[in-house]
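Visitor: File final06.cif follows (mmCIF, C-alpha atoms):
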data_coords
#
loop_
_atom_site.group_PDB
_atom_site.id
_atom_site.type_symbol
_atom_site.label_atom_id
_atom_site.label_comp_id
_atom_site.auth_asym_id
_atom_site.auth_seq_id
_atom_site.Cartn_x
_atom_site.Cartn_y
_atom_site.Cartn_z
ATOM 1 C CA MET Q 1 7.968 5.214 16.672
ATOM 2 C CA TRP Q 2 7.150 6.966 13.446
ATOM 3 C CA THR Q 3 8.258 10.164 11.762
ATOM 4 C CA TYR Q 4 6.366 12.082 9.091
ATOM 5 C CA GLU Q 5 7.794 12.879 5.650
ATOM 6 C CA GLN Q 6 6.106 15.812 3.932
ATOM 7 C CA ARG Q 7 5.409 14.060 0.639
ATOM 8 C CA LEU Q 8 3.005 11.496 -0.782
ATOM 9 C CA GLN Q 9 4.500 8.117 -1.729
ATOM 10 C CA TYR Q 10 2.873 8.659 -5.148
ATOM 11 C CA PRO Q 11 1.814 12.130 -6.347
ATOM 12 C CA VAL Q 12 -1.888 13.113 -6.558
ATOM 13 C CA LYS Q 13 -2.825 16.016 -8.826
ATOM 14 C CA ILE Q 14 -6.559 16.104 -9.566
ATOM 15 C CA THR Q 15 -8.041 19.163 -11.266
ATOM 16 C CA LYS Q 16 -11.705 18.132 -11.817
ATOM 17 C CA THR Q 17 -14.276 18.076 -9.009
ATOM 18 C CA CYS Q 18 -16.332 14.856 -8.893
ATOM 19 C CA PRO Q 19 -18.236 14.026 -5.687
ATOM 20 C CA LYS Q 20 -19.500 10.754 -7.192
ATOM 21 C CA THR Q 21 -15.947 9.480 -7.761
ATOM 22 C CA ALA Q 22 -14.994 10.736 -4.276
ATOM 23 C CA GLN Q 23 -17.723 8.533 -2.834
ATOM 24 C CA TYR Q 24 -16.242 5.437 -4.568
ATOM 25 C CA ILE Q 25 -12.645 6.198 -3.618
ATOM 26 C CA MET Q 26 -13.535 6.978 0.005
ATOM 27 C CA SER Q 27 -14.220 3.280 0.510
ATOM 28 C CA GLN Q 28 -10.478 2.639 0.321
ATOM 29 C CA TYR Q 29 -10.101 4.978 3.338
ATOM 30 C CA GLY Q 30 -12.828 3.747 5.673
ATOM 31 C CA GLY Q 31 -14.353 0.782 3.840
ATOM 32 C CA PRO Q 32 -14.152 -2.950 4.620
ATOM 33 C CA ASP Q 33 -11.061 -3.551 2.452
ATOM 34 C CA GLY Q 34 -9.551 -0.087 2.737
ATOM 35 C CA GLU Q 35 -6.071 1.132 3.577
ATOM 36 C CA MET Q 36 -6.903 2.024 7.191
ATOM 37 C CA ALA Q 37 -8.183 -1.485 7.881
ATOM 38 C CA ALA Q 38 -5.048 -2.859 6.201
ATOM 39 C CA SER Q 39 -2.670 -0.763 8.279
ATOM 40 C CA MET Q 40 -4.494 -1.416 11.579
ATOM 41 C CA ARG Q 41 -4.671 -5.151 10.789
ATOM 42 C CA TYR Q 42 -0.913 -5.565 10.226
ATOM 43 C CA LEU Q 43 0.172 -3.197 12.979
ATOM 44 C CA SER Q 44 -2.142 -5.004 15.433
ATOM 45 C CA GLN Q 45 -1.169 -8.533 14.405
ATOM 46 C CA ARG Q 46 2.588 -8.000 14.723
ATOM 47 C CA TYR Q 47 2.690 -8.121 18.550
ATOM 48 C CA SER Q 48 1.713 -11.762 18.882
ATOM 49 C CA MET Q 49 3.451 -12.915 15.677
ATOM 50 C CA PRO Q 50 5.977 -15.433 17.053
ATOM 51 C CA TYR Q 51 8.634 -14.996 14.340
ATOM 52 C CA LYS Q 52 10.574 -11.720 14.277
ATOM 53 C CA GLN Q 53 11.076 -11.775 10.527
ATOM 54 C CA VAL Q 54 7.301 -11.949 9.991
ATOM 55 C CA SER Q 55 6.461 -9.323 12.631
ATOM 56 C CA GLY Q 56 9.059 -7.113 10.918
ATOM 57 C CA LEU Q 57 7.314 -7.552 7.567
ATOM 58 C CA LEU Q 58 3.953 -6.712 9.201
ATOM 59 C CA THR Q 59 5.531 -3.534 10.616
ATOM 60 C CA ASP Q 60 6.945 -2.435 7.246
ATOM 61 C CA ILE Q 61 3.813 -3.199 5.216
ATOM 62 C CA GLY Q 62 1.578 -1.705 7.945
ATOM 63 C CA THR Q 63 3.672 1.469 7.706
ATOM 64 C CA GLU Q 64 3.407 1.597 3.906
ATOM 65 C CA GLU Q 65 -0.383 1.238 4.238
ATOM 66 C CA LEU Q 66 -0.435 4.466 6.302
ATOM 67 C CA ALA Q 67 1.153 6.196 3.299
ATOM 68 C CA HIS Q 68 -1.525 4.647 1.065
ATOM 69 C CA MET Q 69 -4.271 5.901 3.383
ATOM 70 C CA GLU Q 70 -2.817 9.374 2.916
ATOM 71 C CA ILE Q 71 -2.883 8.996 -0.903
ATOM 72 C CA ILE Q 72 -6.553 7.914 -0.785
ATOM 73 C CA CYS Q 73 -7.498 10.852 1.463
ATOM 74 C CA ALA Q 74 -5.629 13.240 -0.872
ATOM 75 C CA ILE Q 75 -7.656 11.881 -3.828
ATOM 76 C CA VAL Q 76 -10.987 12.305 -1.977
ATOM 77 C CA TYR Q 77 -9.972 15.778 -0.794
ATOM 78 C CA GLN Q 78 -8.899 16.960 -4.266
ATOM 79 C CA LEU Q 79 -12.100 15.577 -5.838
ATOM 80 C CA THR Q 80 -14.226 17.662 -3.445
ATOM 81 C CA ARG Q 81 -12.101 20.693 -2.440
ATOM 82 C CA ASN Q 82 -13.905 23.004 -4.923
ATOM 83 C CA LEU Q 83 -17.361 21.509 -4.359
ATOM 84 C CA THR Q 84 -20.272 23.883 -4.993
ATOM 85 C CA PRO Q 85 -23.585 23.624 -3.074
ATOM 86 C CA GLU Q 86 -25.175 22.478 -6.347
ATOM 87 C CA GLU Q 87 -22.576 19.688 -6.783
ATOM 88 C CA ALA Q 88 -23.040 18.678 -3.132
ATOM 89 C CA LYS Q 89 -26.516 17.447 -4.101
ATOM 90 C CA THR Q 90 -24.947 14.743 -6.320
ATOM 91 C CA ALA Q 91 -26.738 11.473 -5.667
ATOM 92 C CA GLY Q 92 -24.615 9.325 -3.385
ATOM 93 C CA PHE Q 93 -22.542 12.185 -1.975
ATOM 94 C CA ASP Q 94 -25.454 14.303 -0.727
ATOM 95 C CA ALA Q 95 -25.938 12.439 2.568
ATOM 96 C CA TYR Q 96 -22.186 12.508 3.285
ATOM 97 C CA TYR Q 97 -22.118 16.251 2.596
ATOM 98 C CA ILE Q 98 -24.874 16.953 5.103
ATOM 99 C CA ASP Q 99 -22.902 15.297 7.917
ATOM 100 C CA HIS Q 100 -19.303 16.136 6.955
ATOM 101 C CA THR Q 101 -19.342 19.083 4.483
ATOM 102 C CA LYS Q 102 -15.945 18.719 2.724
ATOM 103 C CA GLY Q 103 -14.346 17.019 5.726
ATOM 104 C CA ILE Q 104 -12.549 13.712 5.225
ATOM 105 C CA TRP Q 105 -14.148 11.012 7.368
ATOM 106 C CA PRO Q 106 -13.600 7.228 7.138
ATOM 107 C CA ALA Q 107 -16.643 5.447 5.709
ATOM 108 C CA ALA Q 108 -17.379 2.787 3.097
ATOM 109 C CA ALA Q 109 -18.788 3.670 -0.338
ATOM 110 C CA ALA Q 110 -22.217 2.613 0.934
ATOM 111 C CA GLY Q 111 -21.927 4.978 3.952
ATOM 112 C CA VAL Q 112 -21.100 2.479 6.713
ATOM 113 C CA PRO Q 113 -18.553 4.093 9.078
ATOM 114 C CA PHE Q 114 -15.104 2.546 9.627
ATOM 115 C CA ASN Q 115 -15.283 -0.326 12.068
ATOM 116 C CA ALA Q 116 -12.512 -2.485 13.587
ATOM 117 C CA CYS Q 117 -14.732 -5.525 12.884
ATOM 118 C CA GLU Q 118 -13.569 -5.158 9.274
ATOM 119 C CA PHE Q 119 -10.241 -6.776 10.181
ATOM 120 C CA GLN Q 120 -9.024 -9.483 12.490
ATOM 121 C CA SER Q 121 -6.057 -10.037 14.751
ATOM 122 C CA LYS Q 122 -6.536 -13.676 15.685
ATOM 123 C CA GLY Q 123 -3.281 -14.392 17.484
ATOM 124 C CA ASP Q 124 -2.454 -17.411 15.322
ATOM 125 C CA ALA Q 125 0.413 -17.091 12.815
ATOM 126 C CA LEU Q 126 -1.169 -19.130 9.990
ATOM 127 C CA THR Q 127 -4.630 -17.636 10.494
ATOM 128 C CA ASP Q 128 -3.351 -14.070 10.546
ATOM 129 C CA LEU Q 129 -1.190 -14.546 7.437
ATOM 130 C CA ALA Q 130 -4.089 -16.169 5.557
ATOM 131 C CA GLU Q 131 -6.207 -13.135 6.532
ATOM 132 C CA ASP Q 132 -3.461 -10.802 5.292
ATOM 133 C CA MET Q 133 -3.219 -12.548 1.913
ATOM 134 C CA ALA Q 134 -7.022 -12.366 1.568
ATOM 135 C CA ALA Q 135 -6.961 -8.681 2.566
ATOM 136 C CA GLU Q 136 -4.524 -7.823 -0.237
ATOM 137 C CA GLN Q 137 -6.753 -9.620 -2.756
ATOM 138 C CA LYS Q 138 -9.906 -7.878 -1.476
ATOM 139 C CA ALA Q 139 -8.237 -4.468 -1.780
ATOM 140 C CA ARG Q 140 -6.986 -5.395 -5.268
ATOM 141 C CA THR Q 141 -10.568 -6.278 -6.311
ATOM 142 C CA THR Q 142 -11.833 -2.941 -4.958
ATOM 143 C CA TYR Q 143 -9.211 -1.119 -7.044
ATOM 144 C CA ASP Q 144 -10.237 -3.213 -10.088
ATOM 145 C CA ASN Q 145 -13.854 -2.162 -9.462
ATOM 146 C CA ILE Q 146 -12.803 1.487 -9.256
ATOM 147 C CA LEU Q 147 -10.761 1.238 -12.475
ATOM 148 C CA ARG Q 148 -13.723 -0.324 -14.290
ATOM 149 C CA VAL Q 149 -15.932 2.748 -13.672
ATOM 150 C CA VAL Q 150 -13.692 5.823 -13.185
ATOM 151 C CA THR Q 151 -12.705 7.649 -16.394
ATOM 152 C CA ASP Q 152 -10.570 10.563 -15.119
ATOM 153 C CA PRO Q 153 -6.895 9.660 -15.824
ATOM 154 C CA GLU Q 154 -5.791 11.912 -12.951
ATOM 155 C CA VAL Q 155 -7.705 9.627 -10.568
ATOM 156 C CA ARG Q 156 -6.893 6.358 -12.361
ATOM 157 C CA ASP Q 157 -3.150 6.982 -12.217
ATOM 158 C CA PRO Q 158 -2.629 6.871 -8.414
ATOM 159 C CA ILE Q 159 -5.288 4.125 -8.140
ATOM 160 C CA LYS Q 160 -3.253 1.941 -10.528
ATOM 161 C CA PHE Q 161 -0.189 2.518 -8.364
ATOM 162 C CA LEU Q 162 -2.060 1.466 -5.204
ATOM 163 C CA ARG Q 163 -3.440 -1.602 -6.960
ATOM 164 C CA ALA Q 164 0.072 -2.682 -7.994
ATOM 165 C CA ARG Q 165 1.177 -2.534 -4.353
ATOM 166 C CA GLU Q 166 -1.549 -5.037 -3.366
ATOM 167 C CA VAL Q 167 -0.041 -7.628 -5.715
ATOM 168 C CA VAL Q 168 3.470 -7.105 -4.289
ATOM 169 C CA HIS Q 169 2.204 -7.305 -0.695
ATOM 170 C CA PHE Q 170 0.308 -10.515 -1.503
ATOM 171 C CA GLN Q 171 3.584 -12.086 -2.675
ATOM 172 C CA ARG Q 172 5.390 -10.949 0.495
ATOM 173 C CA PHE Q 173 2.709 -12.344 2.819
ATOM 174 C CA GLY Q 174 2.844 -15.586 0.828
ATOM 175 C CA GLU Q 175 6.607 -15.693 1.408
ATOM 176 C CA ALA Q 176 6.008 -14.974 5.103
ATOM 177 C CA MET Q 177 3.645 -17.976 5.111
ATOM 178 C CA GLU Q 178 6.484 -20.109 3.674
ATOM 179 C CA LEU Q 179 8.933 -18.827 6.317
ATOM 180 C CA THR Q 180 6.369 -19.624 9.012
ATOM 181 C CA LYS Q 181 5.742 -23.124 7.634
ATOM 182 C CA ASP Q 182 9.499 -23.801 7.721
ATOM 183 C CA LYS Q 183 9.407 -23.357 11.493
ATOM 184 C CA MET Q 184 6.389 -25.586 12.031
ATOM 185 C CA ASN Q 185 5.531 -29.287 12.028
ATOM 186 C CA ARG Q 186 5.589 -30.333 8.359
ATOM 187 C CA GLU Q 187 3.468 -33.424 9.025
ATOM 188 C CA ASN Q 188 0.718 -31.302 10.532
ATOM 189 C CA TYR Q 189 0.880 -27.512 10.363
ATOM 190 C CA TYR Q 190 -2.055 -27.354 12.751
ATOM 191 C CA TYR Q 191 -0.431 -29.404 15.518
ATOM 192 C CA PHE Q 192 0.065 -26.313 17.700
ATOM 193 C CA ASN Q 193 -0.208 -22.511 17.566
ATOM 194 C CA PRO Q 194 3.309 -21.057 17.916
ATOM 195 C CA ALA Q 195 1.864 -17.778 19.223
ATOM 196 C CA MET Q 196 0.253 -19.594 22.169
ATOM 197 C CA ASP Q 197 1.747 -23.020 22.823
ATOM 198 C CA ARG Q 198 5.288 -23.281 24.215
ATOM 199 C CA PHE Q 199 7.429 -26.402 24.249
ATOM 200 C CA MET W 1 11.133 -26.242 -0.929
ATOM 201 C CA GLU W 2 9.127 -29.329 -0.060
ATOM 202 C CA ASN W 3 6.253 -27.255 1.226
ATOM 203 C CA HIS W 4 3.512 -28.661 -0.982
ATOM 204 C CA GLY W 5 1.388 -30.174 1.806
ATOM 205 C CA LEU W 6 -2.388 -30.410 1.701
ATOM 206 C CA ALA W 7 -4.596 -27.897 3.540
ATOM 207 C CA ILE W 8 -1.936 -25.152 3.551
ATOM 208 C CA PRO W 9 -1.182 -22.442 0.954
ATOM 209 C CA TYR W 10 2.017 -22.544 -1.076
ATOM 210 C CA ILE W 11 3.619 -19.482 -2.694
ATOM 211 C CA PRO W 12 7.001 -19.782 -4.436
ATOM 212 C CA MET W 13 9.757 -17.560 -3.002
ATOM 213 C CA GLN W 14 10.673 -14.796 -5.442
ATOM 214 C CA GLN W 15 14.215 -14.783 -6.847
ATOM 215 C CA TRP W 16 16.084 -11.485 -7.349
ATOM 216 C CA GLY W 17 16.273 -10.720 -11.074
ATOM 217 C CA GLN W 18 15.552 -7.914 -13.526
ATOM 218 C CA ILE W 19 14.789 -4.544 -11.859
ATOM 219 C CA TYR W 20 13.052 -1.528 -13.486
ATOM 220 C CA ASP W 21 14.896 1.780 -13.448
ATOM 221 C CA THR W 22 13.578 3.934 -10.605
ATOM 222 C CA ALA W 23 11.401 6.178 -12.830
ATOM 223 C CA GLN W 24 9.573 3.226 -14.359
ATOM 224 C CA ALA W 25 9.363 1.462 -10.983
ATOM 225 C CA LEU W 26 7.409 4.316 -9.372
ATOM 226 C CA ALA W 27 5.182 4.623 -12.446
ATOM 227 C CA GLU W 28 4.411 0.862 -12.428
ATOM 228 C CA GLY W 29 4.088 0.509 -8.652
ATOM 229 C CA THR W 30 6.927 -2.012 -8.230
ATOM 230 C CA ILE W 31 10.627 -2.403 -8.997
ATOM 231 C CA PHE W 32 9.990 -6.016 -10.106
ATOM 232 C CA PRO W 33 8.810 -6.668 -13.705
ATOM 233 C CA GLU W 34 7.647 -10.179 -12.723
ATOM 234 C CA LEU W 35 5.311 -8.742 -10.050
ATOM 235 C CA ASN W 36 3.811 -6.153 -12.411
ATOM 236 C CA LYS W 37 0.392 -7.626 -13.199
ATOM 237 C CA PRO W 38 -1.886 -4.791 -14.325
ATOM 238 C CA PHE W 39 -5.671 -4.790 -14.751
ATOM 239 C CA TYR W 40 -6.828 -4.090 -18.299
ATOM 240 C CA MET W 41 -10.501 -3.174 -17.956
ATOM 241 C CA ALA W 42 -11.399 0.501 -18.373
ATOM 242 C CA PRO W 43 -14.656 2.347 -19.071
ATOM 243 C CA GLU W 44 -15.393 2.778 -22.781
ATOM 244 C CA GLY W 45 -13.736 5.813 -24.349
ATOM 245 C CA CYS W 46 -11.532 6.261 -21.296
ATOM 246 C CA ASN W 47 -8.096 7.664 -21.916
ATOM 247 C CA THR W 48 -5.952 5.363 -19.803
ATOM 248 C CA THR W 49 -2.772 7.385 -20.009
ATOM 249 C CA LEU W 50 -2.187 10.584 -18.104
ATOM 250 C CA PRO W 51 -2.133 13.497 -20.582
ATOM 251 C CA GLN W 52 0.608 15.552 -18.980
ATOM 252 C CA GLY W 53 2.812 12.518 -18.339
ATOM 253 C CA GLY W 54 5.659 14.185 -16.558
ATOM 254 C CA GLU W 55 8.662 12.823 -14.738
ATOM 255 C CA LEU W 56 8.033 11.960 -11.116
ATOM 256 C CA ALA W 57 10.440 13.568 -8.710
ATOM 257 C CA ALA W 58 13.804 11.874 -8.319
ATOM 258 C CA PHE W 59 13.477 11.792 -4.527
ATOM 259 C CA SER W 60 10.108 9.995 -4.661
ATOM 260 C CA GLN W 61 11.572 7.521 -7.153
ATOM 261 C CA ILE W 62 14.548 6.567 -5.023
ATOM 262 C CA CYS W 63 12.479 6.361 -1.807
ATOM 263 C CA PHE W 64 10.000 4.091 -3.541
ATOM 264 C CA ALA W 65 12.712 1.808 -4.948
ATOM 265 C CA ALA W 66 14.190 1.530 -1.437
ATOM 266 C CA ALA W 67 10.753 0.762 0.074
ATOM 267 C CA ASP W 68 10.001 -2.015 -2.426
ATOM 268 C CA ALA W 69 13.485 -3.524 -2.018
ATOM 269 C CA LEU W 70 13.029 -3.373 1.780
ATOM 270 C CA LEU W 71 9.924 -5.586 1.676
ATOM 271 C CA TYR W 72 11.835 -8.073 -0.523
ATOM 272 C CA LEU W 73 14.693 -8.054 2.007
ATOM 273 C CA ASP W 74 12.248 -8.638 4.877
ATOM 274 C CA THR W 75 11.573 -12.087 3.426
ATOM 275 C CA HIS W 76 15.062 -12.554 1.829
ATOM 276 C CA PRO W 77 17.480 -11.005 4.379
ATOM 277 C CA GLY W 78 20.459 -13.002 3.045
ATOM 278 C CA ASP W 79 20.117 -11.909 -0.599
ATOM 279 C CA MET W 80 23.373 -10.047 -1.329
ATOM 280 C CA GLN W 81 22.220 -8.532 -4.644
ATOM 281 C CA ALA W 82 19.102 -7.140 -2.980
ATOM 282 C CA ARG W 83 21.171 -5.749 -0.084
ATOM 283 C CA GLU W 84 23.524 -4.020 -2.507
ATOM 284 C CA TYR W 85 20.576 -2.552 -4.431
ATOM 285 C CA TYR W 86 18.910 -1.359 -1.211
ATOM 286 C CA GLU W 87 22.097 0.195 0.171
ATOM 287 C CA ASN W 88 22.650 1.966 -3.140
ATOM 288 C CA CYS W 89 19.142 3.435 -2.944
ATOM 289 C CA LEU W 90 19.790 4.685 0.592
ATOM 290 C CA LYS W 91 23.083 6.267 -0.515
ATOM 291 C CA LYS W 92 21.385 8.108 -3.400
ATOM 292 C CA LYS W 93 18.553 9.172 -1.071
ATOM 293 C CA LYS W 94 21.118 10.701 1.318
ATOM 294 C CA GLU W 95 22.819 12.529 -1.539
ATOM 295 C CA LEU W 96 19.510 14.000 -2.728
ATOM 296 C CA MET W 97 18.641 15.002 0.846
ATOM 297 C CA ALA W 98 21.959 16.813 1.175
ATOM 298 C CA GLU W 99 21.238 18.778 -2.012
ATOM 299 C CA ALA W 100 17.641 19.658 -1.127
ATOM 300 C CA ASP W 101 16.388 21.885 1.657
ATOM 301 C CA CYS W 102 12.750 21.035 2.155
ATOM 302 C CA GLY W 103 10.455 19.569 4.806
ATOM 303 C CA CYS W 104 10.046 16.197 3.173
ATOM 304 C CA CYS W 105 13.769 15.541 3.419
ATOM 305 C CA GLY W 106 13.967 16.437 7.083
ATOM 306 C CA ALA W 107 15.225 20.012 6.861
ATOM 307 C CA ALA W 108 12.888 22.842 7.868
ATOM 308 C CA HIS W 109 10.112 20.390 8.801
ATOM 309 C CA TYR W 110 8.575 23.126 10.964
ATOM 310 C CA ASP W 111 8.144 25.455 8.000
ATOM 311 C CA TRP W 112 4.536 24.650 7.057
ATOM 312 C CA GLU W 113 3.688 28.154 5.840
ATOM 313 C CA SER W 114 5.894 28.618 2.792
ATOM 314 C CA LYS W 115 4.809 25.578 0.753
ATOM 315 C CA PRO W 116 1.584 23.761 -0.166
ATOM 316 C CA VAL W 117 0.563 20.846 2.080
ATOM 317 C CA VAL W 118 1.141 17.390 0.593
ATOM 318 C CA TRP W 119 -2.580 16.776 -0.117
ATOM 319 C CA GLU W 120 -2.677 19.993 -2.162
ATOM 320 C CA GLY W 121 0.094 18.693 -4.392
ATOM 321 C CA GLY W 122 3.050 19.901 -2.340
ATOM 322 C CA ASN W 123 5.347 17.046 -3.205
ATOM 323 C CA CYS W 124 9.084 16.808 -3.186
#
In structure tokens, write the structure found in this file.

Guide:
Amino acid sequence: MWTYEQRLQYPVKITKTCPKTAQYIMSQYGGPDGEMAASMRYLSQRYSMPYKQVSGLLTDIGTEELAHMEIICAIVYQLTRNLTPEEAKTAGFDAYYIDHTKGIWPAAAAGVPFNACEFQSKGDALTDLAEDMAAEQKARTTYDNILRVVTDPEVRDPIKFLRAREVVHFQRFGEAMELTKDKMNRENYYYFNPAMDRF
Amino acid sequence: MENHGLAIPYIPMQQWGQIYDTAQALAEGTIFPELNKPFYMAPEGCNTTLPQGGELAAFSQICFAAADALLYLDTHPGDMQAREYYENCLKKKKELMAEADCGCCGAAHYDWESKPVVWEGGNC
């Protein structure tokens, strides 16, 4: 069960319209390493995670990712809310505009729509945690790539916040990997899959 | 921790230590100085600091500190210092909620008309 709090986890106040930047940032909504994929990944994986402490962590991080998805959508919305027909012709955003006007729709920067194939729920504790650690690094790289090209400090500020969260989540999934290893066969971590094989 | 086997990742468990004050924590994106690892590249001539600066709302600060401490506790449930910090955050959050009367704190959630939506900057 979830309840909604009427606030962003980190404030977004963007005053300058920029459809080009919106096209970059949108990728962290519906792109391959975006916040929606992150949230759906963790909230899907938790059911078969055999250790309650780890499924609890997946629940809490998966919930925080929903708040990050909202921050990303707020950035894209504020970058395009005052879009003029002339600005809509900006290279890169023009095709999106034709299909969605100023609507917020999950797609990657290159236009590929959101797809569940962008994440995995493998049903194996070690495999899923390794995927989660990789996911945090991939999102961190995307934020690095955004920070390398976006100049508006009003956009950079919330992006830096989101990037910092990826590093913290990476550490937590690493710790979850340690907690999982503690419960497994130290001579051979691959001897069985605790989500499938019962003794 | 004798978990240094081959063909398996190893990440050291974090120890509870120095904590940022809640204003700096929200600005940095973590309450933990040792997990604050920023990226330095920026486009040429880019002003990397926000011009207006501005204090982030006290309620957002305390909620964020609680959220970051919660993830630490998820992997360190027995850490008494972390528990004390987390419980303190929740206490302050409750106090702020009692003072405020807005949708984000639970009161008048149904009143969508009288304030801007969160994606328009309507933040507590």

Visitor: Need the shell around Gly122 in chain W: protein/DNA/RNA residues with any atom at most 8 Å away, counting all atoms listed in the file. Skip same-chain ones fewer than 6 positions apart. Format as a ChimeraX atom specification?

Guide: /Q:7 /W:115-116

Visitor: If you apply the PyMOL selection byres ((chain Q and resi 184-197) around 9) to this file, what residues do you get, as a list in words?

Guide: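 Applied to this file, the PyMOL selection byres ((chain Q and resi 184-197) around 9) returns Ser48, Met49, Pro50, Tyr51, Gly123, Asp124, Ala125, Leu126, Thr180, Lys181, Asp182, Lys183, Arg198 and Phe199 of chain Q; Asn3, Gly5, Ala7 and Ile8 of chain W.
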
Visitor: Find the residue from W:Glu95, W:Asp111, W:Asp79, W:Glu87 that sits nearest to chain Q; use only C-alpha atoms when measuring.

Guide: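 So, comparing all the options, the nearest one is W:Asp111.
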
Visitor: Which residues match the PyMOL selection byres ((chain Q and resi 18) around 10) in the file above, as a PyMOL selection string?

Guide: chain Q and resi 14-17+19-23+76+78-83+87-88+90+93+152

Visitor: Point out the residue among Q:Lys138, Q:Arg41, Q:Lys52, Q:His100 with the least atom-to-atom distance to chain W, counting only C-alpha atoms.

Guide: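 The closest residue to chain W is Q:Lys52.
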
Visitor: Here is a test: counting all atoms listed in the file, which residue of W:Gly17, W:Gly121, W:Pro12, W:Gly45 is nearest to Leu179 in chain Q?

Guide: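 Nearest candidate to Leu179 in chain Q out of W:Gly17, W:Gly121, W:Pro12, W:Gly45: W:Pro12.
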
Visitor: Please evaluate the PyMOL selection byres ((chain W and resi 70-73) around 9) against the displayed coordinates and give the resulting residues as an NGL selection string.

Guide: (:Q and (57 or 60-61 or 168-169 or 172)) or (:W and (14 or 16 or 65-69 or 74-79 or 82-83 or 86))

Visitor: Using CA of Met26 in chain Q and CA of Ala107 in chain Q as the two end points, give the distance in Å to one decimal.

Guide: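 Computing it gives 6.7 Å between the two atoms.
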
Visitor: If you count all atoms listed in the file, which residues fall within 8 Å of Glu65 in chain Q, apart from same-chain ones fewer than 5 positions away, as a list in words?

Guide: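 Everything that qualifies: Glu35, Met36, Ala38 and Ser39 of chain Q.
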
Visitor: Using the file's own x, y and z axes, so that the box edges lie along x, y and z, what centre and edge lengths in Å (one decimal) does a box around every listed atom of range 75-81 of chain W get when 3 Å is added on each side? Give it as JSON.

Guide:
{"center_x": 17.5, "center_y": -10.8, "center_z": -0.1, "size_x": 17.8, "size_y": 10.5, "size_z": 15.0}

Visitor: Considering all atoms listed in the file, can you say which of Q:Ile104, Q:Leu58, Q:Leu162, Q:Cys117 comes closest to Met133 in chain Q?

Guide: Q:Leu58

Visitor: Looking at only C-alpha atoms, which of Q:Glu86, Q:Asp128, Q:Asp157, Q:Glu136 is the one that sits closest to Leu26 in chain W?

Guide: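 Ranked by minimum distance to Leu26 in chain W, first place goes to Q:Asp157.
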
Visitor: Quick one: of Q:Ala67, Q:Ala164, Q:Gln9, Q:Met177, who's nearest to Ile31 in chain W, counting all atoms listed in the file?

Guide: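 Selected residue with least distance to Ile31 in chain W: Q:Ala164.
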
Visitor: In Å, rounded to a single decimal, give me how far CA of Arg46 in chain Q is from CA of Asn145 in chain Q.

Guide: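 Value for the CA of Asn145 in chain Q-CA of Arg46 in chain Q distance: 29.8 Å.
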